[in-house]
Structure formats: structure tokens, C-alpha cells
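Take a look at the structure below.
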Amino acid sequence: MLATVAASVPQNQNTNHEVESPKKNKIQVSNTKKPLFFYVNLAKRYIQQRDEVVLSALGMGITTVVTIAEILKNNGLATEKKISTSSVSLKDENKGRLVQKAKIEIVMEKTEKSTESEAAATDDGNEKK
């Protein structure tokens with residue numbers, strides 16, 4: 001029965017596919033669910049594996065996303081490729097009305113320095129064996 005329901009839902013309801021499509025390198029950050037360095041370490045892993053990570057947040061989580069991006073940049077692991085802001089309408093569960101929330105997406109890409117440090121770490125690991 002679930003397959004029938006899923007099959008009847010239109011696949012492309014969103015007109016802005018670049019921002020709204022689910023990506024394997026996208027991290028949706030919350031300022032209440034996980035600690036800051038959980039997201040920092042996850043972003044580091046994504047950059048190492050995929051060369052790029054998309055950090056996304058709504059409302060109060062925006063400051064957390066900016067902090068993560070700055071940590072990655074200051075450590076020489078990534079640079080900002082693209083920053084986009086927008087507003088989204090969400091239904092307030094308590095009041096039952098639509099509220100506007102600010103949204104940010106920061107695309108971070110791997111730097112040459114992080115690529116070099118990965119190669120050095122791999123070389124060091126091979127010499128020990």
C-alpha cells in the first residue's frame with residue numbers, strides 16, 4: 001500500500017530544484033539537536049569524501065551554520081563556494097498559522113591545503129606499516 005501512495009505522488013513539485021532537492025552532501029543544522037562539533041566533524045568528513053558540503057539551516061540555526069563554515073575556513077579545510085539566503089513559510093504547530101522563517105545555505109568546497117594534508121596523512125600511514 002505504501003508503494004501505491006508513493007507512486008501517486010508527483011516527483012517534481014518544487015520549481016527550484018537546486019535548493020530543495022535532497023543531496024547526499026547536505027547537512028541540515030539545528031541549534032538544539034546536536035552539539036556544534038558534531039556538525040563540524042560531519043562537515044569535515046563530507047568534504048574529505050565528496051569535495052563539497054552544503055550547510056543548511058532555518059531561523060536560529062543560521063548562526064550555527066555560519067560558525068561551522070568559519071571553523072572549516074579558518075582551519076584551511078574549505079572555502080565558501082556559494083551562499084544563498086531565502087525565506088520559507090512553515091506552519092506553526094502551536095498557533096496553526098503560517099510563519100516566515102529565514103533560511104541559509106552555504107556551499108563549502110575543499111581547499112588545496114586540505115587535499116595536500118590528506119595526501120600527507122596517507123603517506124604517513126603507509127610508512128608506518
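Residues are named by chain letter and number: chains run A, B, ... in the order of the C-alpha cells, numbers start at 1 in each chain, and ligands are numbered from 1 in the order shown.
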### Task
Quick one: everything within 8 Å of region 66-80 of chain A, counting only C-alpha atoms, minus sequence neighbours fewer than 3 positions away in the same chain. Send it as a PyMOL selection string.
chain A and resi 36+39-40+44+47+55+62-63+83+106-111+113-114
Restricted to N, CA, C and O atoms, what would the selected residues look like written as an mmCIF file, in the first residue's frame?
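Wrote again_23.cif, looks like this:
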```
data_model
loop_
_atom_site.group_PDB
_atom_site.id
_atom_site.type_symbol
_atom_site.label_atom_id
_atom_site.label_comp_id
_atom_site.auth_asym_id
_atom_site.auth_seq_id
_atom_site.Cartn_x
_atom_site.Cartn_y
_atom_site.Cartn_z
ATOM 1 N N LEU A 36 27.655 21.636 18.471
ATOM 2 C CA LEU A 36 28.318 22.287 17.347
ATOM 3 C C LEU A 36 29.355 21.384 16.692
ATOM 4 O O LEU A 36 29.367 21.231 15.468
ATOM 5 N N TYR A 39 28.428 18.690 14.108
ATOM 6 C CA TYR A 39 28.252 19.174 12.738
ATOM 7 C C TYR A 39 29.591 19.515 12.081
ATOM 8 O O TYR A 39 29.777 19.276 10.896
ATOM 9 N N VAL A 40 30.532 20.075 12.861
ATOM 10 C CA VAL A 40 31.852 20.394 12.309
ATOM 11 C C VAL A 40 32.542 19.121 11.837
ATOM 12 O O VAL A 40 33.063 19.058 10.715
ATOM 13 N N LYS A 44 33.533 18.005 8.012
ATOM 14 C CA LYS A 44 34.900 17.626 7.636
ATOM 15 C C LYS A 44 34.898 16.303 6.880
ATOM 16 O O LYS A 44 35.562 16.144 5.853
ATOM 17 N N ILE A 47 33.465 16.763 3.357
ATOM 18 C CA ILE A 47 34.414 17.434 2.463
ATOM 19 C C ILE A 47 35.494 16.465 2.016
ATOM 20 O O ILE A 47 35.884 16.447 0.849
ATOM 21 N N LEU A 55 25.802 23.275 3.817
ATOM 22 C CA LEU A 55 25.320 23.500 5.172
ATOM 23 C C LEU A 55 24.035 24.304 5.082
ATOM 24 O O LEU A 55 24.002 25.350 4.444
ATOM 25 N N ILE A 62 20.816 29.409 11.942
ATOM 26 C CA ILE A 62 21.674 30.098 10.975
ATOM 27 C C ILE A 62 23.025 30.450 11.589
ATOM 28 O O ILE A 62 24.067 30.274 10.961
ATOM 29 N N THR A 63 23.037 30.913 12.832
ATOM 30 C CA THR A 63 24.306 31.277 13.463
ATOM 31 C C THR A 63 25.213 30.063 13.597
ATOM 32 O O THR A 63 26.431 30.177 13.453
ATOM 33 N N ILE A 83 26.785 31.216 -1.171
ATOM 34 C CA ILE A 83 25.944 31.472 -0.005
ATOM 35 C C ILE A 83 24.604 31.968 -0.516
ATOM 36 O O ILE A 83 24.554 32.913 -1.310
ATOM 37 N N ILE A 106 24.974 27.366 2.736
ATOM 38 C CA ILE A 106 26.356 27.705 2.416
ATOM 39 C C ILE A 106 26.998 26.475 1.793
ATOM 40 O O ILE A 106 27.027 25.410 2.411
ATOM 41 N N VAL A 107 27.478 26.620 0.566
ATOM 42 C CA VAL A 107 28.183 25.536 -0.113
ATOM 43 C C VAL A 107 29.671 25.740 0.134
ATOM 44 O O VAL A 107 30.225 26.788 -0.207
ATOM 45 N N MET A 108 30.288 24.761 0.770
ATOM 46 C CA MET A 108 31.720 24.810 1.065
ATOM 47 C C MET A 108 32.426 23.793 0.178
ATOM 48 O O MET A 108 31.943 22.672 0.023
ATOM 49 N N GLU A 109 33.569 24.189 -0.404
ATOM 50 C CA GLU A 109 34.329 23.259 -1.232
ATOM 51 C C GLU A 109 35.721 23.064 -0.650
ATOM 52 O O GLU A 109 36.266 23.938 0.003
ATOM 53 N N LYS A 110 36.269 21.901 -0.917
ATOM 54 C CA LYS A 110 37.579 21.524 -0.409
ATOM 55 C C LYS A 110 38.651 22.456 -0.946
ATOM 56 O O LYS A 110 38.622 22.841 -2.106
ATOM 57 N N THR A 111 39.614 22.799 -0.077
ATOM 58 C CA THR A 111 40.736 23.636 -0.497
ATOM 59 C C THR A 111 41.908 22.755 -0.911
ATOM 60 O O THR A 111 41.932 21.558 -0.619
ATOM 61 N N LYS A 113 44.844 23.003 0.329
ATOM 62 C CA LYS A 113 45.554 22.664 1.560
ATOM 63 C C LYS A 113 45.000 21.378 2.168
ATOM 64 O O LYS A 113 45.747 20.518 2.614
ATOM 65 N N SER A 114 43.676 21.237 2.175
ATOM 66 C CA SER A 114 43.085 20.029 2.763
ATOM 67 C C SER A 114 43.399 18.801 1.914
ATOM 68 O O SER A 114 43.587 17.711 2.431
#
```
### Message
Please list as JSON, numbers by chain every residue within 6 Å of Ala57 (chain A), counting only C-alpha atoms and excluding residues in the same chain fewer than 4 positions away.
### Response
{"A": [28, 29, 61, 62, 103, 104]}
Would you output that residue set with C-alpha atoms, as an mmCIF file, in the first residue's frame?
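Saved as selection_7.cif:
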```cif
data_model
loop_
_atom_site.group_PDB
_atom_site.id
_atom_site.type_symbol
_atom_site.label_atom_id
_atom_site.label_comp_id
_atom_site.auth_asym_id
_atom_site.auth_seq_id
_atom_site.Cartn_x
_atom_site.Cartn_y
_atom_site.Cartn_z
ATOM 1 C CA GLN A 28 20.643 20.320 7.842
ATOM 2 C CA VAL A 29 21.816 22.003 11.032
ATOM 3 C CA GLY A 61 20.198 27.587 13.428
ATOM 4 C CA ILE A 62 21.674 30.098 10.975
ATOM 5 C CA LYS A 103 16.904 30.090 5.615
ATOM 6 C CA ILE A 104 20.576 29.927 4.687
#
```
### Task
Tell me, in Å to one decimal, how far CA of Val53 (chain A) is from CA of Asn41 (chain A).
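Value for the CA of Val53 (chain A)-CA of Asn41 (chain A) distance: 11.9 Å.
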#### Entry: Pick from A:Val99, A:Leu90, A:Ile27, A:Val65, whichever lies nearest to Glu52 (chain A) using only C-alpha atoms
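So, comparing all the options, the nearest one is A:Ile27.
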### Query
For Pro35 (chain A), which of A:Gln100, A:Gln48, A:Ser56, A:Thr64 is the closest residue, counting only C-alpha atoms?
A:Thr64
From a DSSP calculation on the backbone, collect every residue of region 7-110 of chain A in helix (DSSP H, G or I) and output the set as an mmCIF file with all heavy atoms, in the first residue's frame.
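Generated file (states-v3.cif):
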```
data_model
loop_
_atom_site.group_PDB
_atom_site.id
_atom_site.type_symbol
_atom_site.label_atom_id
_atom_site.label_comp_id
_atom_site.auth_asym_id
_atom_site.auth_seq_id
_atom_site.Cartn_x
_atom_site.Cartn_y
_atom_site.Cartn_z
ATOM 1 N N ALA A 7 3.955 6.100 -5.317
ATOM 2 C CA ALA A 7 3.965 6.175 -6.766
ATOM 3 C C ALA A 7 3.005 7.248 -7.278
ATOM 4 O O ALA A 7 3.219 7.825 -8.325
ATOM 5 C CB ALA A 7 3.593 4.822 -7.365
ATOM 6 N N SER A 8 1.935 7.541 -6.515
ATOM 7 C CA SER A 8 0.957 8.511 -6.986
ATOM 8 C C SER A 8 1.353 9.948 -6.674
ATOM 9 O O SER A 8 0.750 10.865 -7.175
ATOM 10 C CB SER A 8 -0.416 8.204 -6.373
ATOM 11 O OG SER A 8 -0.354 8.398 -4.972
ATOM 12 N N HIS A 17 14.726 23.336 -8.056
ATOM 13 C CA HIS A 17 15.279 22.014 -7.747
ATOM 14 C C HIS A 17 16.653 22.082 -7.116
ATOM 15 O O HIS A 17 17.007 21.241 -6.319
ATOM 16 C CB HIS A 17 15.341 21.158 -9.022
ATOM 17 C CG HIS A 17 14.002 20.965 -9.652
ATOM 18 N ND1 HIS A 17 13.030 20.205 -9.076
ATOM 19 C CD2 HIS A 17 13.477 21.470 -10.790
ATOM 20 C CE1 HIS A 17 11.951 20.233 -9.841
ATOM 21 N NE2 HIS A 17 12.199 20.997 -10.883
ATOM 22 N N GLU A 18 17.430 23.099 -7.457
ATOM 23 C CA GLU A 18 18.801 23.184 -6.944
ATOM 24 C C GLU A 18 18.821 23.327 -5.425
ATOM 25 O O GLU A 18 19.598 22.691 -4.750
ATOM 26 C CB GLU A 18 19.506 24.380 -7.571
ATOM 27 C CG GLU A 18 20.939 24.510 -7.128
ATOM 28 C CD GLU A 18 21.610 25.696 -7.767
ATOM 29 O OE1 GLU A 18 21.323 25.980 -8.938
ATOM 30 O OE2 GLU A 18 22.406 26.335 -7.081
ATOM 31 N N VAL A 19 17.940 24.130 -4.873
ATOM 32 C CA VAL A 19 17.937 24.376 -3.432
ATOM 33 C C VAL A 19 17.163 23.297 -2.687
ATOM 34 O O VAL A 19 17.569 22.854 -1.624
ATOM 35 C CB VAL A 19 17.342 25.777 -3.134
ATOM 36 C CG1 VAL A 19 17.201 26.000 -1.650
ATOM 37 C CG2 VAL A 19 18.218 26.853 -3.751
ATOM 38 N N GLU A 20 16.046 22.839 -3.236
ATOM 39 C CA GLU A 20 15.142 21.980 -2.491
ATOM 40 C C GLU A 20 15.381 20.481 -2.653
ATOM 41 O O GLU A 20 14.872 19.699 -1.889
ATOM 42 C CB GLU A 20 13.696 22.293 -2.897
ATOM 43 C CG GLU A 20 13.269 23.707 -2.555
ATOM 44 C CD GLU A 20 13.309 24.005 -1.066
ATOM 45 O OE1 GLU A 20 13.027 23.115 -0.264
ATOM 46 O OE2 GLU A 20 13.652 25.147 -0.713
ATOM 47 N N LEU A 36 27.655 21.636 18.471
ATOM 48 C CA LEU A 36 28.318 22.287 17.347
ATOM 49 C C LEU A 36 29.355 21.384 16.692
ATOM 50 O O LEU A 36 29.367 21.231 15.468
ATOM 51 C CB LEU A 36 28.991 23.577 17.829
ATOM 52 C CG LEU A 36 29.890 24.294 16.827
ATOM 53 C CD1 LEU A 36 29.076 24.875 15.689
ATOM 54 C CD2 LEU A 36 30.698 25.369 17.513
ATOM 55 N N PHE A 37 30.213 20.755 17.485
ATOM 56 C CA PHE A 37 31.312 19.995 16.884
ATOM 57 C C PHE A 37 30.861 18.667 16.279
ATOM 58 O O PHE A 37 31.597 18.072 15.500
ATOM 59 C CB PHE A 37 32.477 19.843 17.865
ATOM 60 C CG PHE A 37 33.326 21.075 17.863
ATOM 61 C CD1 PHE A 37 33.092 22.100 18.759
ATOM 62 C CD2 PHE A 37 34.312 21.248 16.913
ATOM 63 C CE1 PHE A 37 33.844 23.258 18.730
ATOM 64 C CE2 PHE A 37 35.073 22.405 16.869
ATOM 65 C CZ PHE A 37 34.838 23.406 17.785
ATOM 66 N N PHE A 38 29.659 18.221 16.565
ATOM 67 C CA PHE A 38 29.090 17.097 15.816
ATOM 68 C C PHE A 38 28.981 17.497 14.347
ATOM 69 O O PHE A 38 29.389 16.762 13.445
ATOM 70 C CB PHE A 38 27.717 16.709 16.366
ATOM 71 C CG PHE A 38 26.964 15.765 15.466
ATOM 72 C CD1 PHE A 38 27.217 14.406 15.512
ATOM 73 C CD2 PHE A 38 26.030 16.237 14.557
ATOM 74 C CE1 PHE A 38 26.541 13.527 14.667
ATOM 75 C CE2 PHE A 38 25.354 15.376 13.712
ATOM 76 C CZ PHE A 38 25.614 14.012 13.773
ATOM 77 N N TYR A 39 28.428 18.690 14.108
ATOM 78 C CA TYR A 39 28.252 19.174 12.738
ATOM 79 C C TYR A 39 29.591 19.515 12.081
ATOM 80 O O TYR A 39 29.777 19.276 10.896
ATOM 81 C CB TYR A 39 27.333 20.401 12.728
ATOM 82 C CG TYR A 39 25.914 20.095 13.130
ATOM 83 C CD1 TYR A 39 25.372 20.617 14.298
ATOM 84 C CD2 TYR A 39 25.108 19.280 12.347
ATOM 85 C CE1 TYR A 39 24.060 20.348 14.668
ATOM 86 C CE2 TYR A 39 23.795 19.001 12.700
ATOM 87 C CZ TYR A 39 23.283 19.538 13.869
ATOM 88 O OH TYR A 39 22.003 19.257 14.230
ATOM 89 N N VAL A 40 30.532 20.075 12.861
ATOM 90 C CA VAL A 40 31.852 20.394 12.309
ATOM 91 C C VAL A 40 32.542 19.121 11.837
ATOM 92 O O VAL A 40 33.063 19.058 10.715
ATOM 93 C CB VAL A 40 32.726 21.133 13.350
ATOM 94 C CG1 VAL A 40 34.160 21.271 12.856
ATOM 95 C CG2 VAL A 40 32.138 22.500 13.673
ATOM 96 N N ASN A 41 32.550 18.090 12.674
ATOM 97 C CA ASN A 41 33.198 16.828 12.303
ATOM 98 C C ASN A 41 32.495 16.149 11.133
ATOM 99 O O ASN A 41 33.149 15.586 10.257
ATOM 100 C CB ASN A 41 33.277 15.894 13.505
ATOM 101 C CG ASN A 41 34.246 16.402 14.558
ATOM 102 O OD1 ASN A 41 35.242 17.044 14.234
ATOM 103 N ND2 ASN A 41 33.937 16.146 15.813
ATOM 104 N N LEU A 42 31.174 16.219 11.100
ATOM 105 C CA LEU A 42 30.424 15.660 9.981
ATOM 106 C C LEU A 42 30.763 16.396 8.685
ATOM 107 O O LEU A 42 30.992 15.774 7.645
ATOM 108 C CB LEU A 42 28.920 15.738 10.271
ATOM 109 C CG LEU A 42 27.987 15.102 9.259
ATOM 110 C CD1 LEU A 42 28.245 13.600 9.132
ATOM 111 C CD2 LEU A 42 26.534 15.353 9.659
ATOM 112 N N ALA A 43 30.841 17.715 8.744
ATOM 113 C CA ALA A 43 31.182 18.510 7.562
ATOM 114 C C ALA A 43 32.595 18.187 7.080
ATOM 115 O O ALA A 43 32.836 18.078 5.878
ATOM 116 C CB ALA A 43 31.044 19.993 7.878
ATOM 117 N N LYS A 44 33.533 18.005 8.012
ATOM 118 C CA LYS A 44 34.900 17.626 7.636
ATOM 119 C C LYS A 44 34.898 16.303 6.880
ATOM 120 O O LYS A 44 35.562 16.144 5.853
ATOM 121 C CB LYS A 44 35.784 17.489 8.878
ATOM 122 C CG LYS A 44 36.214 18.786 9.483
ATOM 123 C CD LYS A 44 37.077 18.512 10.712
ATOM 124 C CE LYS A 44 37.486 19.773 11.420
ATOM 125 N NZ LYS A 44 38.310 19.495 12.616
ATOM 126 N N ARG A 45 34.132 15.343 7.387
ATOM 127 C CA ARG A 45 34.043 14.040 6.733
ATOM 128 C C ARG A 45 33.437 14.161 5.336
ATOM 129 O O ARG A 45 33.920 13.553 4.384
ATOM 130 C CB ARG A 45 33.194 13.095 7.595
ATOM 131 C CG ARG A 45 33.814 11.737 7.718
ATOM 132 C CD ARG A 45 33.079 10.785 8.605
ATOM 133 N NE ARG A 45 32.757 11.365 9.898
ATOM 134 C CZ ARG A 45 31.602 11.188 10.535
ATOM 135 N NH1 ARG A 45 30.662 10.455 10.000
ATOM 136 N NH2 ARG A 45 31.381 11.733 11.705
ATOM 137 N N TYR A 46 32.372 14.941 5.209
ATOM 138 C CA TYR A 46 31.734 15.128 3.907
ATOM 139 C C TYR A 46 32.699 15.762 2.916
ATOM 140 O O TYR A 46 32.747 15.380 1.753
ATOM 141 C CB TYR A 46 30.487 16.000 4.042
ATOM 142 C CG TYR A 46 29.233 15.266 4.453
ATOM 143 C CD1 TYR A 46 29.283 14.123 5.235
ATOM 144 C CD2 TYR A 46 27.987 15.732 4.072
ATOM 145 C CE1 TYR A 46 28.134 13.471 5.623
ATOM 146 C CE2 TYR A 46 26.826 15.082 4.456
ATOM 147 C CZ TYR A 46 26.908 13.952 5.223
ATOM 148 O OH TYR A 46 25.766 13.304 5.600
ATOM 149 N N ILE A 47 33.465 16.763 3.357
ATOM 150 C CA ILE A 47 34.414 17.434 2.463
ATOM 151 C C ILE A 47 35.494 16.465 2.016
ATOM 152 O O ILE A 47 35.884 16.447 0.849
ATOM 153 C CB ILE A 47 35.006 18.680 3.145
ATOM 154 C CG1 ILE A 47 33.950 19.774 3.199
ATOM 155 C CG2 ILE A 47 36.248 19.171 2.414
ATOM 156 C CD1 ILE A 47 34.335 20.974 4.010
ATOM 157 N N GLN A 48 35.992 15.628 2.915
ATOM 158 C CA GLN A 48 37.013 14.652 2.550
ATOM 159 C C GLN A 48 36.480 13.630 1.555
ATOM 160 O O GLN A 48 37.160 13.244 0.616
ATOM 161 C CB GLN A 48 37.535 13.929 3.793
ATOM 162 C CG GLN A 48 38.382 14.801 4.682
ATOM 163 C CD GLN A 48 38.719 14.141 6.003
ATOM 164 O OE1 GLN A 48 38.196 13.085 6.330
ATOM 165 N NE2 GLN A 48 39.595 14.772 6.765
ATOM 166 N N GLN A 49 35.236 13.204 1.738
ATOM 167 C CA GLN A 49 34.659 12.158 0.888
ATOM 168 C C GLN A 49 34.100 12.697 -0.422
ATOM 169 O O GLN A 49 34.184 12.036 -1.445
ATOM 170 C CB GLN A 49 33.546 11.429 1.640
ATOM 171 C CG GLN A 49 34.031 10.636 2.829
ATOM 172 C CD GLN A 49 32.888 10.103 3.686
ATOM 173 O OE1 GLN A 49 31.722 10.427 3.464
ATOM 174 N NE2 GLN A 49 33.222 9.301 4.677
ATOM 175 N N ARG A 50 33.508 13.880 -0.390
ATOM 176 C CA ARG A 50 32.772 14.360 -1.557
ATOM 177 C C ARG A 50 33.283 15.671 -2.140
ATOM 178 O O ARG A 50 32.692 16.199 -3.066
ATOM 179 C CB ARG A 50 31.299 14.513 -1.182
ATOM 180 C CG ARG A 50 30.684 13.209 -0.718
ATOM 181 C CD ARG A 50 29.218 13.398 -0.408
ATOM 182 N NE ARG A 50 28.620 12.122 -0.023
ATOM 183 C CZ ARG A 50 28.424 11.740 1.222
ATOM 184 N NH1 ARG A 50 28.770 12.522 2.220
ATOM 185 N NH2 ARG A 50 27.869 10.578 1.489
ATOM 186 N N GLY A 59 16.042 29.720 10.668
ATOM 187 C CA GLY A 59 15.866 30.503 11.889
ATOM 188 C C GLY A 59 17.106 30.617 12.757
ATOM 189 O O GLY A 59 18.162 31.050 12.309
ATOM 190 N N MET A 60 16.965 30.191 14.011
ATOM 191 C CA MET A 60 18.041 30.326 14.992
ATOM 192 C C MET A 60 19.235 29.428 14.682
ATOM 193 O O MET A 60 20.314 29.624 15.235
ATOM 194 C CB MET A 60 17.511 30.029 16.392
ATOM 195 C CG MET A 60 16.386 30.964 16.831
ATOM 196 S SD MET A 60 16.870 32.684 16.862
ATOM 197 C CE MET A 60 17.852 32.691 18.331
ATOM 198 N N GLY A 61 19.089 28.457 13.808
ATOM 199 C CA GLY A 61 20.198 27.587 13.428
ATOM 200 C C GLY A 61 21.178 28.246 12.470
ATOM 201 O O GLY A 61 22.256 27.722 12.232
ATOM 202 N N ILE A 62 20.816 29.409 11.942
ATOM 203 C CA ILE A 62 21.674 30.098 10.975
ATOM 204 C C ILE A 62 23.025 30.450 11.589
ATOM 205 O O ILE A 62 24.067 30.274 10.961
ATOM 206 C CB ILE A 62 20.965 31.346 10.411
ATOM 207 C CG1 ILE A 62 19.806 30.897 9.518
ATOM 208 C CG2 ILE A 62 21.923 32.255 9.654
ATOM 209 C CD1 ILE A 62 18.927 32.017 9.012
ATOM 210 N N THR A 63 23.037 30.913 12.832
ATOM 211 C CA THR A 63 24.306 31.277 13.463
ATOM 212 C C THR A 63 25.213 30.063 13.597
ATOM 213 O O THR A 63 26.431 30.177 13.453
ATOM 214 C CB THR A 63 24.082 31.911 14.847
ATOM 215 O OG1 THR A 63 23.302 31.026 15.648
ATOM 216 C CG2 THR A 63 23.367 33.239 14.727
ATOM 217 N N THR A 64 24.618 28.899 13.841
ATOM 218 C CA THR A 64 25.407 27.667 13.948
ATOM 219 C C THR A 64 26.047 27.327 12.615
ATOM 220 O O THR A 64 27.223 26.947 12.551
ATOM 221 C CB THR A 64 24.518 26.507 14.441
ATOM 222 O OG1 THR A 64 23.865 26.896 15.661
ATOM 223 C CG2 THR A 64 25.333 25.260 14.691
ATOM 224 N N VAL A 65 25.305 27.465 11.519
ATOM 225 C CA VAL A 65 25.836 27.178 10.179
ATOM 226 C C VAL A 65 26.993 28.114 9.853
ATOM 227 O O VAL A 65 28.029 27.685 9.344
ATOM 228 C CB VAL A 65 24.727 27.292 9.106
ATOM 229 C CG1 VAL A 65 25.303 27.407 7.713
ATOM 230 C CG2 VAL A 65 23.828 26.082 9.168
ATOM 231 N N VAL A 66 26.838 29.388 10.161
ATOM 232 C CA VAL A 66 27.902 30.351 9.888
ATOM 233 C C VAL A 66 29.143 30.009 10.713
ATOM 234 O O VAL A 66 30.277 30.066 10.207
ATOM 235 C CB VAL A 66 27.419 31.795 10.167
ATOM 236 C CG1 VAL A 66 28.561 32.797 10.078
ATOM 237 C CG2 VAL A 66 26.297 32.174 9.199
ATOM 238 N N THR A 67 28.954 29.619 11.963
ATOM 239 C CA THR A 67 30.081 29.229 12.821
ATOM 240 C C THR A 67 30.799 28.012 12.256
ATOM 241 O O THR A 67 32.037 27.975 12.206
ATOM 242 C CB THR A 67 29.589 28.939 14.252
ATOM 243 O OG1 THR A 67 28.933 30.104 14.759
ATOM 244 C CG2 THR A 67 30.733 28.566 15.167
ATOM 245 N N ILE A 68 30.052 27.019 11.798
ATOM 246 C CA ILE A 68 30.651 25.815 11.201
ATOM 247 C C ILE A 68 31.468 26.200 9.970
ATOM 248 O O ILE A 68 32.605 25.750 9.797
ATOM 249 C CB ILE A 68 29.562 24.787 10.834
ATOM 250 C CG1 ILE A 68 28.882 24.270 12.087
ATOM 251 C CG2 ILE A 68 30.150 23.631 10.022
ATOM 252 C CD1 ILE A 68 27.568 23.543 11.820
ATOM 253 N N ALA A 69 30.896 27.036 9.116
ATOM 254 C CA ALA A 69 31.593 27.459 7.897
ATOM 255 C C ALA A 69 32.883 28.205 8.248
ATOM 256 O O ALA A 69 33.926 27.983 7.620
ATOM 257 C CB ALA A 69 30.681 28.348 7.050
ATOM 258 N N GLU A 70 32.845 29.051 9.259
ATOM 259 C CA GLU A 70 34.039 29.797 9.673
ATOM 260 C C GLU A 70 35.106 28.871 10.249
ATOM 261 O O GLU A 70 36.299 29.064 9.998
ATOM 262 C CB GLU A 70 33.673 30.882 10.685
ATOM 263 C CG GLU A 70 32.990 32.078 10.070
ATOM 264 C CD GLU A 70 33.856 32.794 9.047
ATOM 265 O OE1 GLU A 70 35.022 33.108 9.359
ATOM 266 O OE2 GLU A 70 33.374 33.028 7.933
ATOM 267 N N ILE A 71 34.710 27.872 11.009
ATOM 268 C CA ILE A 71 35.672 26.906 11.560
ATOM 269 C C ILE A 71 36.355 26.156 10.422
ATOM 270 O O ILE A 71 37.579 26.000 10.409
ATOM 271 C CB ILE A 71 34.981 25.940 12.548
ATOM 272 C CG1 ILE A 71 34.600 26.688 13.827
ATOM 273 C CG2 ILE A 71 35.882 24.747 12.870
ATOM 274 C CD1 ILE A 71 33.706 25.897 14.765
ATOM 275 N N LEU A 72 35.586 25.689 9.448
ATOM 276 C CA LEU A 72 36.158 24.971 8.303
ATOM 277 C C LEU A 72 37.111 25.873 7.523
ATOM 278 O O LEU A 72 38.182 25.448 7.096
ATOM 279 C CB LEU A 72 35.052 24.453 7.388
ATOM 280 C CG LEU A 72 34.122 23.390 7.974
ATOM 281 C CD1 LEU A 72 32.971 23.115 7.028
ATOM 282 C CD2 LEU A 72 34.877 22.118 8.292
ATOM 283 N N LYS A 73 36.718 27.137 7.353
ATOM 284 C CA LYS A 73 37.540 28.083 6.600
ATOM 285 C C LYS A 73 38.819 28.428 7.371
ATOM 286 O O LYS A 73 39.916 28.420 6.798
ATOM 287 C CB LYS A 73 36.731 29.349 6.313
ATOM 288 C CG LYS A 73 37.438 30.324 5.394
ATOM 289 C CD LYS A 73 36.532 31.442 4.960
ATOM 290 C CE LYS A 73 36.409 32.459 6.071
ATOM 291 N NZ LYS A 73 35.753 33.688 5.640
ATOM 292 N N ASN A 74 38.708 28.698 8.665
ATOM 293 C CA ASN A 74 39.874 29.084 9.470
ATOM 294 C C ASN A 74 40.874 27.942 9.638
ATOM 295 O O ASN A 74 42.062 28.181 9.832
ATOM 296 C CB ASN A 74 39.445 29.610 10.833
ATOM 297 C CG ASN A 74 38.749 30.950 10.731
ATOM 298 O OD1 ASN A 74 38.922 31.677 9.761
ATOM 299 N ND2 ASN A 74 37.942 31.272 11.722
#
```
### Task
Write out as an MDAnalysis selection string all residues of region 24-102 of chain A that backbone DSSP assigns to strand (DSSP E or B).
chainID A and resid 26:29 52:58 78:91 98:102
#### Entry: Pick from A:Lys33, A:Leu98, A:Lys91, A:Lys24 nearest to Asp51 (chain A), counting only C-alpha atoms
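So, comparing all the options, the nearest one is A:Lys24.
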### Message
Rounded to one decimal, what separation in Å do you get between CA of Asn31 (chain A) and CA of Asn94 (chain A)?
### Response
20.0 Å
